[in-house]
$ cat structure-v2.cif   # mmCIF, C-alpha atoms
data_structure
#
loop_
_atom_site.label_atom_id
_atom_site.label_comp_id
_atom_site.auth_asym_id
_atom_site.auth_seq_id
_atom_site.Cartn_x
_atom_site.Cartn_y
_atom_site.Cartn_z
CA MET A 983 25.09 -4.40 9.66
CA ALA A 984 24.48 -2.29 12.76
CA ARG A 985 23.66 -4.13 15.97
CA TYR A 986 20.93 -2.78 18.19
CA PRO A 987 19.71 -3.89 21.62
CA LEU A 988 17.14 -6.68 21.38
CA ILE A 989 14.50 -4.42 22.93
CA GLY A 990 14.55 -2.26 19.80
CA TYR A 991 13.60 -5.23 17.60
CA LEU A 992 11.04 -6.39 20.18
CA ALA A 993 9.37 -2.99 20.01
CA TRP A 994 8.86 -3.50 16.26
CA ALA A 995 7.43 -6.96 16.96
CA VAL A 996 5.02 -5.48 19.52
CA LEU A 997 3.89 -2.76 17.10
CA PHE A 998 3.21 -5.24 14.30
CA GLY A 999 1.62 -7.57 16.86
CA ALA A 1000 -0.76 -4.78 17.86
CA LEU A 1001 -1.70 -4.28 14.19
CA LEU A 1002 -2.37 -8.00 13.77
CA ALA A 1003 -4.34 -8.15 17.04
CA TRP A 1004 -6.56 -5.24 15.95
CA GLU A 1005 -7.08 -6.92 12.57
CA GLY A 1006 -7.93 -10.14 14.42
CA LEU A 1007 -10.62 -8.32 16.39
CA ALA A 1008 -12.00 -6.92 13.14
CA LEU A 1009 -12.05 -10.35 11.48
CA ALA A 1010 -13.78 -11.76 14.57
CA GLU A 1011 -16.46 -9.14 13.82
CA VAL A 1012 -16.08 -7.32 17.11
CA SER A 1013 -18.50 -4.41 16.92
CA GLY A 1014 -17.06 -1.11 15.71
CA VAL A 1015 -13.71 -2.46 14.52
CA PRO A 1016 -13.12 -2.10 10.75
CA THR A 1017 -10.72 -4.47 8.99
CA LEU A 1018 -7.50 -3.22 7.44
CA ARG A 1019 -9.03 -3.96 4.05
CA GLY A 1020 -11.94 -1.70 4.99
CA VAL A 1021 -9.54 1.10 5.88
CA PHE A 1022 -7.65 0.71 2.59
CA ARG A 1023 -10.91 0.73 0.67
CA VAL A 1024 -11.80 4.04 2.32
CA ILE A 1025 -8.37 5.44 1.40
CA MET A 1026 -8.68 4.20 -2.21
CA ARG A 1027 -12.05 5.77 -2.90
CA TYR A 1028 -10.33 8.80 -4.41
CA PRO A 1029 -7.77 8.44 -7.23
CA ALA A 1030 -5.27 10.40 -5.14
CA GLY A 1031 -5.61 7.85 -2.34
CA ARG A 1032 -5.06 4.97 -4.77
CA TRP A 1033 -1.99 6.69 -6.22
CA ALA A 1034 -0.57 7.38 -2.74
CA LEU A 1035 -1.06 3.79 -1.63
CA PHE A 1036 0.40 2.40 -4.88
CA ALA A 1037 3.37 4.79 -4.59
CA LEU A 1038 3.96 3.62 -1.01
CA TRP A 1039 3.79 -0.05 -2.05
CA LEU A 1040 6.13 0.54 -4.99
CA TRP A 1041 8.55 2.53 -2.84
CA ALA A 1042 8.65 -0.33 -0.30
CA GLY A 1043 9.53 -2.80 -3.07
CA TRP A 1044 12.22 -0.55 -4.49
CA HIS A 1045 13.67 0.29 -1.08
CA PHE A 1046 13.82 -3.26 0.23
CA PHE A 1047 14.50 -5.35 -2.89
CA ILE A 1048 16.29 -3.13 -5.42
CA ARG A 1049 18.35 -0.45 -3.68
CA GLY A 1050 21.79 -1.67 -2.66
CA TRP A 1051 21.51 -4.72 -4.92
CA HIS A 1052 19.88 -6.92 -2.30
CA PHE A 1053 17.43 -8.07 -4.95
CA LEU A 1054 16.85 -11.73 -4.16
CA LEU A 1055 20.10 -13.10 -5.54
CA ARG A 1056 22.75 -11.82 -3.16
CA ALA A 1057 23.57 -14.22 -0.35
CA MET B 1281 33.25 7.68 12.58
CA GLY B 1282 34.13 7.53 8.88
CA PRO B 1283 32.76 9.83 6.18
CA LEU B 1284 30.47 7.10 4.79
CA THR B 1285 28.91 6.57 8.22
CA VAL B 1286 28.33 10.30 8.58
CA LEU B 1287 26.72 10.42 5.11
CA ALA B 1288 24.42 7.49 5.93
CA ALA B 1289 23.40 9.06 9.24
CA SER B 1290 22.67 12.36 7.51
CA ALA B 1291 20.61 10.65 4.80
CA ASP B 1292 18.63 8.81 7.49
CA ARG B 1293 17.74 12.06 9.22
CA GLN B 1294 16.77 13.66 5.91
CA ALA B 1295 14.45 10.69 5.22
CA LEU B 1296 12.29 11.97 8.08
CA VAL B 1297 10.77 14.59 5.76
CA PRO B 1298 9.38 12.26 3.06
CA MET B 1299 8.34 9.74 5.74
CA ALA B 1300 6.29 12.34 7.58
CA ALA B 1301 4.90 13.58 4.26
CA GLY B 1302 3.90 10.03 3.33
CA TYR B 1303 2.03 9.57 6.60
CA LEU B 1304 0.25 12.91 6.17
CA ILE B 1305 -0.75 12.08 2.57
CA LEU B 1306 -2.16 8.69 3.63
CA MET B 1307 -4.06 10.16 6.56
CA SER B 1308 -5.44 12.93 4.34
CA ALA B 1309 -6.67 10.31 1.87
CA LEU B 1310 -8.27 8.41 4.78
CA ALA B 1311 -9.93 11.61 6.04
CA LEU B 1312 -11.31 12.39 2.56
CA GLY B 1313 -12.61 8.84 2.16
CA LEU B 1314 -14.26 8.93 5.60
CA ARG B 1315 -15.83 12.28 4.77
CA LEU B 1316 -17.40 10.73 1.68
CA LEU B 1317 -18.45 7.60 3.59
CA TYR B 1318 -20.20 9.52 6.36
CA ARG B 1319 -21.87 12.03 4.03
CA PRO B 1320 -25.64 11.55 3.65
CA ARG B 1321 -26.22 8.95 0.90
CA ALA B 1322 -28.37 11.19 -1.34
CA THR B 1323 -25.46 13.53 -2.00
CA GLN B 1324 -22.76 10.88 -2.43
CA ALA B 1325 -21.06 10.76 -5.81
CA GLU B 1326 -17.61 9.53 -6.75
CA PRO B 1327 -15.44 12.27 -8.25
CA GLY B 1328 -15.48 12.00 -12.01
CA GLN B 1329 -18.09 9.22 -12.09
CA SER B 1330 -21.63 9.33 -13.39
CA PRO B 1331 -24.19 7.87 -10.98
CA GLY B 1332 -26.51 6.54 -13.69
CA PRO B 1333 -26.69 2.81 -14.42
CA SER B 1334 -25.83 1.33 -17.81
CA PRO B 1335 -27.42 -1.63 -19.58
CA ALA B 1336 -26.39 -5.03 -18.22
CA GLY B 1337 -24.99 -6.20 -21.57
CA SER B 1338 -22.63 -3.28 -21.97
CA ARG B 1339 -21.66 -3.66 -18.31
CA ARG B 1340 -20.56 -7.25 -18.93
CA ARG B 1341 -18.73 -6.32 -22.12
CA SER B 1342 -16.91 -3.40 -20.58
CA GLY B 1343 -16.28 -4.90 -17.12
CA TRP B 1344 -12.77 -6.16 -17.75
CA ALA B 1345 -11.93 -3.11 -19.84
CA ALA B 1346 -13.07 -0.93 -16.94
CA GLN B 1347 -10.89 -2.86 -14.54
CA ALA B 1348 -7.92 -2.60 -16.92
CA ARG B 1349 -8.46 1.17 -17.15
CA HIS B 1350 -8.79 1.39 -13.37
CA VAL B 1351 -5.59 -0.59 -12.72
CA THR B 1352 -3.67 1.29 -15.43
CA GLY B 1353 -4.76 4.60 -13.93
CA THR B 1354 -3.63 3.49 -10.48
CA VAL B 1355 -0.25 2.24 -11.75
CA VAL B 1356 0.51 5.30 -13.89
CA GLY B 1357 -0.71 7.76 -11.24
CA GLY B 1358 1.13 6.01 -8.42
CA TYR B 1359 4.34 5.71 -10.44
CA LEU B 1360 4.31 9.38 -11.41
CA LEU B 1361 3.53 10.41 -7.82
CA LEU B 1362 6.45 8.35 -6.51
CA MET B 1363 8.79 9.80 -9.15
CA ALA B 1364 7.68 13.32 -8.23
CA VAL B 1365 8.41 12.66 -4.55
CA VAL B 1366 11.78 11.05 -5.32
CA VAL B 1367 12.88 13.92 -7.60
CA ALA B 1368 11.72 16.52 -5.06
CA TYR B 1369 13.57 14.65 -2.29
CA TYR B 1370 16.74 14.46 -4.39
CA TYR B 1371 16.84 18.12 -5.40
CA ALA B 1372 15.27 19.76 -2.34
CA VAL B 1373 16.34 17.59 0.61
CA ALA B 1374 19.33 15.35 -0.02
CA ARG B 1375 21.51 14.50 -3.02
CA VAL B 1376 22.04 10.97 -1.80
CA GLY B 1377 24.11 9.61 -4.67
CA PRO B 1378 24.65 9.72 -8.44
CA GLY B 1379 22.71 6.51 -9.12
CA PHE B 1380 19.75 7.37 -6.93
CA LEU B 1381 17.44 8.80 -9.59
CA ASP B 1382 18.42 6.17 -12.18
CA SER B 1383 17.71 3.43 -9.65
CA ALA B 1384 14.36 4.98 -8.74
CA VAL B 1385 13.17 5.26 -12.38
CA THR B 1386 14.42 1.90 -13.64
CA GLY B 1387 14.16 -0.11 -10.41
CA THR B 1388 10.48 0.68 -9.84
CA ALA B 1389 9.73 0.05 -13.55
CA LEU B 1390 11.48 -3.32 -13.21
CA LEU B 1391 9.34 -4.17 -10.19
CA ILE B 1392 6.14 -3.28 -12.07
CA GLY B 1393 7.34 -5.42 -14.98
CA LEU B 1394 8.00 -8.33 -12.62
CA ALA B 1395 4.72 -7.95 -10.76
CA ALA B 1396 2.47 -7.64 -13.84
CA PRO B 1397 2.73 -11.27 -15.09
CA VAL B 1398 2.48 -12.57 -11.51
CA PHE B 1399 -0.70 -10.55 -10.95
CA ALA B 1400 -2.13 -11.71 -14.29
CA ALA B 1401 -1.41 -15.36 -13.43
CA ALA B 1402 -2.86 -14.95 -9.91
CA SER B 1403 -6.04 -13.36 -11.29
CA TRP B 1404 -6.43 -16.13 -13.90
CA LEU B 1405 -5.92 -18.76 -11.18
CA ALA B 1406 -8.41 -17.07 -8.83
CA GLU B 1407 -11.00 -16.95 -11.62
CA ARG B 1408 -10.48 -20.65 -12.43
CA LEU B 1409 -10.85 -21.59 -8.75
CA ARG B 1410 -14.01 -19.52 -8.51
CA ARG B 1411 -15.51 -21.31 -11.53
CA ARG B 1412 -14.48 -24.72 -10.22
CA ARG B 1413 -16.34 -23.99 -6.98
CA GLY B 1414 -19.47 -23.34 -9.02
CA ARG B 1415 -19.62 -19.60 -8.46
CA PRO B 1416 -20.60 -17.37 -11.39
CA ALA B 1417 -17.81 -15.88 -13.47
CA CYS B 1418 -16.59 -12.60 -12.16
CA HIS B 1419 -17.41 -9.66 -14.42
CA PRO B 1420 -16.15 -6.50 -12.81
CA PRO B 1421 -18.76 -3.80 -13.20
CA VAL B 1422 -18.02 -0.54 -14.95
CA PRO B 1423 -17.07 2.29 -12.56
CA GLY B 1424 -20.29 4.23 -13.19
CA ASP B 1425 -22.29 1.30 -11.85
CA LEU B 1426 -20.16 0.68 -8.82
CA LEU B 1427 -21.45 3.28 -6.45
CA PRO B 1428 -24.72 1.87 -5.12
CA ARG B 1429 -23.29 -1.64 -4.74
CA ARG B 1430 -20.12 -0.30 -3.18
CA GLU B 1431 -22.11 1.77 -0.72
CA ALA B 1432 -24.12 -1.31 0.15
CA SER B 1433 -21.03 -3.47 0.62
CA MET B 1434 -18.85 -0.95 2.45
CA ALA B 1435 -19.62 -1.19 6.15
CA ARG B 1436 -19.86 2.02 8.12
CA HIS B 1437 -18.07 1.48 11.41
CA PRO B 1438 -17.89 4.05 14.20
CA LEU B 1439 -15.24 6.66 13.46
CA ILE B 1440 -13.24 5.57 16.51
CA GLY B 1441 -12.48 2.24 14.77
CA TYR B 1442 -10.79 4.04 11.86
CA LEU B 1443 -9.04 6.43 14.27
CA ALA B 1444 -7.58 3.43 16.10
CA TRP B 1445 -6.00 2.27 12.82
CA ALA B 1446 -4.64 5.78 12.23
CA VAL B 1447 -3.11 5.76 15.72
CA LEU B 1448 -1.57 2.31 15.20
CA PHE B 1449 0.01 3.37 11.92
CA GLY B 1450 1.04 6.62 13.58
CA ALA B 1451 2.89 4.60 16.23
CA LEU B 1452 4.72 2.66 13.48
CA PHE B 1453 5.71 5.86 11.69
CA ALA B 1454 6.73 7.50 15.01
CA TRP B 1455 8.97 4.56 15.95
CA GLU B 1456 10.53 4.68 12.47
CA GLY B 1457 10.97 8.43 12.95
CA LEU B 1458 12.88 7.85 16.20
CA ALA B 1459 15.12 5.38 14.38
CA LEU B 1460 15.78 7.82 11.52
CA ALA B 1461 16.54 10.54 14.07
CA GLN B 1462 19.29 8.24 15.35
CA VAL B 1463 17.82 7.75 18.80
CA SER B 1464 20.08 5.25 20.54
CA GLY B 1465 18.93 1.62 20.52
CA VAL B 1466 16.10 2.09 18.02
CA PRO B 1467 16.55 0.11 14.77
CA SER B 1468 14.77 1.33 11.66
CA LEU B 1469 12.33 -0.84 9.74
CA SER B 1470 15.08 -1.25 7.12
CA ASP B 1471 17.35 -2.71 9.83
CA VAL B 1472 14.64 -5.18 10.82
CA VAL B 1473 14.03 -6.15 7.19
CA ARG B 1474 17.77 -6.51 6.64
CA VAL B 1475 17.91 -9.04 9.50
CA ILE B 1476 15.10 -11.04 7.88
CA MET B 1477 16.70 -10.81 4.41
CA ARG B 1478 20.06 -12.18 5.51
CA TYR B 1479 18.83 -15.60 4.44
CA PRO B 1480 17.43 -16.47 0.98
CA ALA B 1481 14.23 -17.91 2.50
CA GLY B 1482 13.60 -14.62 4.30
CA ARG B 1483 14.15 -12.62 1.11
CA TRP B 1484 11.81 -14.81 -0.92
CA ALA B 1485 9.16 -14.76 1.82
CA LEU B 1486 9.28 -10.97 2.06
CA PHE B 1487 9.14 -10.57 -1.73
CA ALA B 1488 6.18 -12.95 -1.90
CA LEU B 1489 4.46 -10.98 0.88
CA TRP B 1490 5.07 -7.75 -1.01
CA LEU B 1491 3.61 -9.21 -4.23
CA TRP B 1492 0.63 -10.68 -2.40
CA THR B 1493 -0.09 -7.33 -0.73
CA GLY B 1494 0.00 -5.53 -4.09
CA TRP B 1495 -2.30 -8.06 -5.74
CA GLN B 1496 -4.78 -7.94 -2.87
CA LEU B 1497 -4.79 -4.15 -2.74
CA PHE B 1498 -4.78 -3.13 -6.37
CA ILE B 1499 -6.04 -6.06 -8.43
CA HIS B 1500 -8.01 -8.71 -6.54
CA ARG B 1501 -9.68 -6.49 -3.99
CA TRP B 1502 -10.07 -3.37 -6.04
CA PRO B 1503 -13.05 -1.30 -4.87
CA GLY B 1504 -16.21 -2.49 -6.57
CA HIS B 1505 -14.75 -5.78 -7.77
CA ALA B 1506 -17.47 -8.42 -7.68
CA GLY B 1507 -15.35 -10.60 -5.44
CA THR B 1508 -15.22 -8.01 -2.70
CA ALA B 1509 -18.89 -7.75 -1.88
#

$ encode --input "structure-v2.cif" --output "structure tokens"
Amino acid sequence: MARYPLIGYLAWAVLFGALLAWEGLALAEVSGVPTLRGVFRVIMRYPAGRWALFALWLWAGWHFFIRGWHFLLRA
Amino acid sequence: MGPLTVLAASADRQALVPMAAGYLILMSALALGLRLLYRPRATQAEPGQSPGPSPAGSRRRSGWAAQARHVTGTVVGGYLLLMAVVVAYYYAVARVGPGFLDSAVTGTALLIGLAAPVFAAASWLAERLRRRRGRPACHPPVPGDLLPRREASMARHPLIGYLAWAVLFGALFAWEGLALAQVSGVPSLSDVVRVIMRYPAGRWALFALWLWTGWQLFIHRWPGHAGTA
């Protein structure tokens, strides 16, 4: 497993933190801020959008849990 | 640097192409959806759907069948789209390994097979909880009837709110792009996930999060579902 400087991992934490913070504002009903669910509903209005989102979700599952035999059981 | 390391680095760089394509496809779908949302209401019509209402009795009878058709369409369409992207990536961008295509076809099918009973159980449980709380049973409406209610329930926020989400996701994709381009000190999302999955609890938590996301997106919160209004 490659080792990276801590700042690289912190940057990911900040990015996901920003997503969660924006979602928090939306859930707090701050004016003009749509929730993530609202954005996904807009994307999924067309079949092509639903297929793209499902493909992305399925790819994530395959990439993280199946490829390389990391699937749940390996210690 | 050994040959395997060189191969992995090369494959990472080549993954930039499908990653950028994925972001563009998602943003295009968002743009199309926003175009429909901001169009004057009189001219709005879902592609392939009739705007006319149907009798309430037939709506109740066909509600679950409509949802089953909707979910099946999403699963089949999404699976075929992913396979098309994977095959195109393999033959046009990088021949990453002999088991790559086999793993893509069977591995994703295995995941769908694993997720299906979990989603069915979660939906059954959600319905039971809803009934126990005294709420009326959920009968998903047929797609032809969804439009007016969906328009009423889908809030129209200023465009800048949606753009902010696009920028945030763009920042995620850009950071991942830097990692795949082997910029020094930038771990990829896979590296981060690998750190979390070193322990069984992390693997189970991530898998549960993945399942929960899929159920929320494609089953429980499907557009027009009575529980979403």

$ atom_distance --input "structure-v2.cif" --atom1 "atom CA of Phe1047 of chain A" --atom2 "atom CA of Val1021 of chain A"
26.4 Å

$ closest_atom_pairs --input "structure-v2.cif" --of "chain B" --to "chain A" --cutoff "8 Å" --atoms "all atoms listed in the file" --output "Markdown table"
| residue | atom | partner | partner_atom | distance |
| --- | --- | --- | --- | --- |
| B:Gly1302 | CA | A:Leu1038 | CA | 7.7 |
| B:Ile1305 | CA | A:Ala1034 | CA | 7.1 |
| B:Leu1306 | CA | A:Ala1034 | CA | 6.7 |
| B:Ala1309 | CA | A:Gly1031 | CA | 5.0 |
| B:Leu1310 | CA | A:Ile1025 | CA | 4.5 |
| B:Ala1311 | CA | A:Ile1025 | CA | 7.9 |
| B:Leu1312 | CA | A:Ile1025 | CA | 7.6 |
| B:Gly1313 | CA | A:Val1024 | CA | 4.9 |
| B:Leu1314 | CA | A:Val1024 | CA | 6.4 |
| B:Leu1317 | CA | A:Val1024 | CA | 7.6 |
| B:Glu1326 | CA | A:Tyr1028 | CA | 7.7 |
| B:Pro1327 | CA | A:Tyr1028 | CA | 7.3 |
| B:Thr1354 | CA | A:Trp1033 | CA | 5.6 |
| B:Val1355 | CA | A:Phe1036 | CA | 6.9 |
| B:Gly1357 | CA | A:Trp1033 | CA | 5.3 |
| B:Gly1358 | CA | A:Trp1033 | CA | 3.9 |
| B:Tyr1359 | CA | A:Ala1037 | CA | 6.0 |
| B:Leu1361 | CA | A:Ala1037 | CA | 6.5 |
| B:Leu1362 | CA | A:Ala1037 | CA | 5.1 |
| B:Ser1383 | CA | A:Arg1049 | CA | 7.1 |
| B:Ala1384 | CA | A:Trp1044 | CA | 7.3 |
| B:Gly1387 | CA | A:Ile1048 | CA | 6.2 |
| B:Thr1388 | CA | A:Trp1044 | CA | 5.8 |
| B:Leu1391 | CA | A:Gly1043 | CA | 7.3 |
| B:Met1434 | CA | A:Gly1020 | CA | 7.4 |
| B:Ala1435 | CA | A:Gly1020 | CA | 7.8 |
| B:His1437 | CA | A:Gly1014 | CA | 5.1 |
| B:Pro1438 | CA | A:Gly1014 | CA | 5.4 |
| B:Ile1440 | CA | A:Gly1014 | CA | 7.7 |
| B:Gly1441 | CA | A:Val1015 | CA | 4.9 |
| B:Tyr1442 | CA | A:Pro1016 | CA | 6.7 |
| B:Trp1445 | CA | A:Leu1018 | CA | 7.8 |
| B:Leu1448 | CA | A:Leu1001 | CA | 6.7 |
| B:Ala1451 | CA | A:Leu997 | CA | 7.5 |
| B:Leu1452 | CA | A:Leu997 | CA | 6.6 |
| B:Gly1465 | CA | A:Tyr986 | CA | 5.4 |
| B:Val1466 | CA | A:Gly990 | CA | 4.9 |
| B:Pro1467 | CA | A:Gly990 | CA | 5.9 |
| B:Leu1469 | CA | A:Trp994 | CA | 7.9 |
| B:Ser1470 | CA | A:Phe1046 | CA | 7.3 |
| B:Asp1471 | CA | A:Ala984 | CA | 7.7 |
| B:Val1472 | CA | A:Tyr991 | CA | 6.9 |
| B:Val1473 | CA | A:Phe1046 | CA | 7.5 |
| B:Arg1478 | CA | A:Ala1057 | CA | 7.1 |
| B:Tyr1479 | CA | A:Ala1057 | CA | 6.9 |
| B:Pro1480 | CA | A:Ala1057 | CA | 6.7 |
| B:Arg1483 | CA | A:Leu1054 | CA | 6.0 |
| B:Trp1484 | CA | A:Leu1054 | CA | 6.7 |
| B:Phe1487 | CA | A:Phe1047 | CA | 7.6 |
| B:Trp1490 | CA | A:Gly1043 | CA | 7.0 |
| B:Gly1494 | CA | A:Trp1039 | CA | 7.0 |
| B:Leu1497 | CA | A:Phe1022 | CA | 7.8 |
| B:Phe1498 | CA | A:Phe1036 | CA | 7.7 |
| B:Trp1502 | CA | A:Arg1023 | CA | 7.9 |
| B:Pro1503 | CA | A:Arg1023 | CA | 6.3 |

$ atom_distance --input "structure-v2.cif" --atom1 "atom CA of Leu1443 of chain B" --atom2 "atom CA of Met1307 of chain B"
9.9 Å

$ atom_distance --input "structure-v2.cif" --atom1 "atom CA of Tyr1369 of chain B" --atom2 "atom CA of Val1297 of chain B"
8.5 Å

$ closest_residue --input "structure-v2.cif" --among "B:Ala1444, B:Ala1400, B:Ile1392, B:Ala1300" --to "Ala1348 of chain B" --atoms "all atoms listed in the file"
B:Ala1400
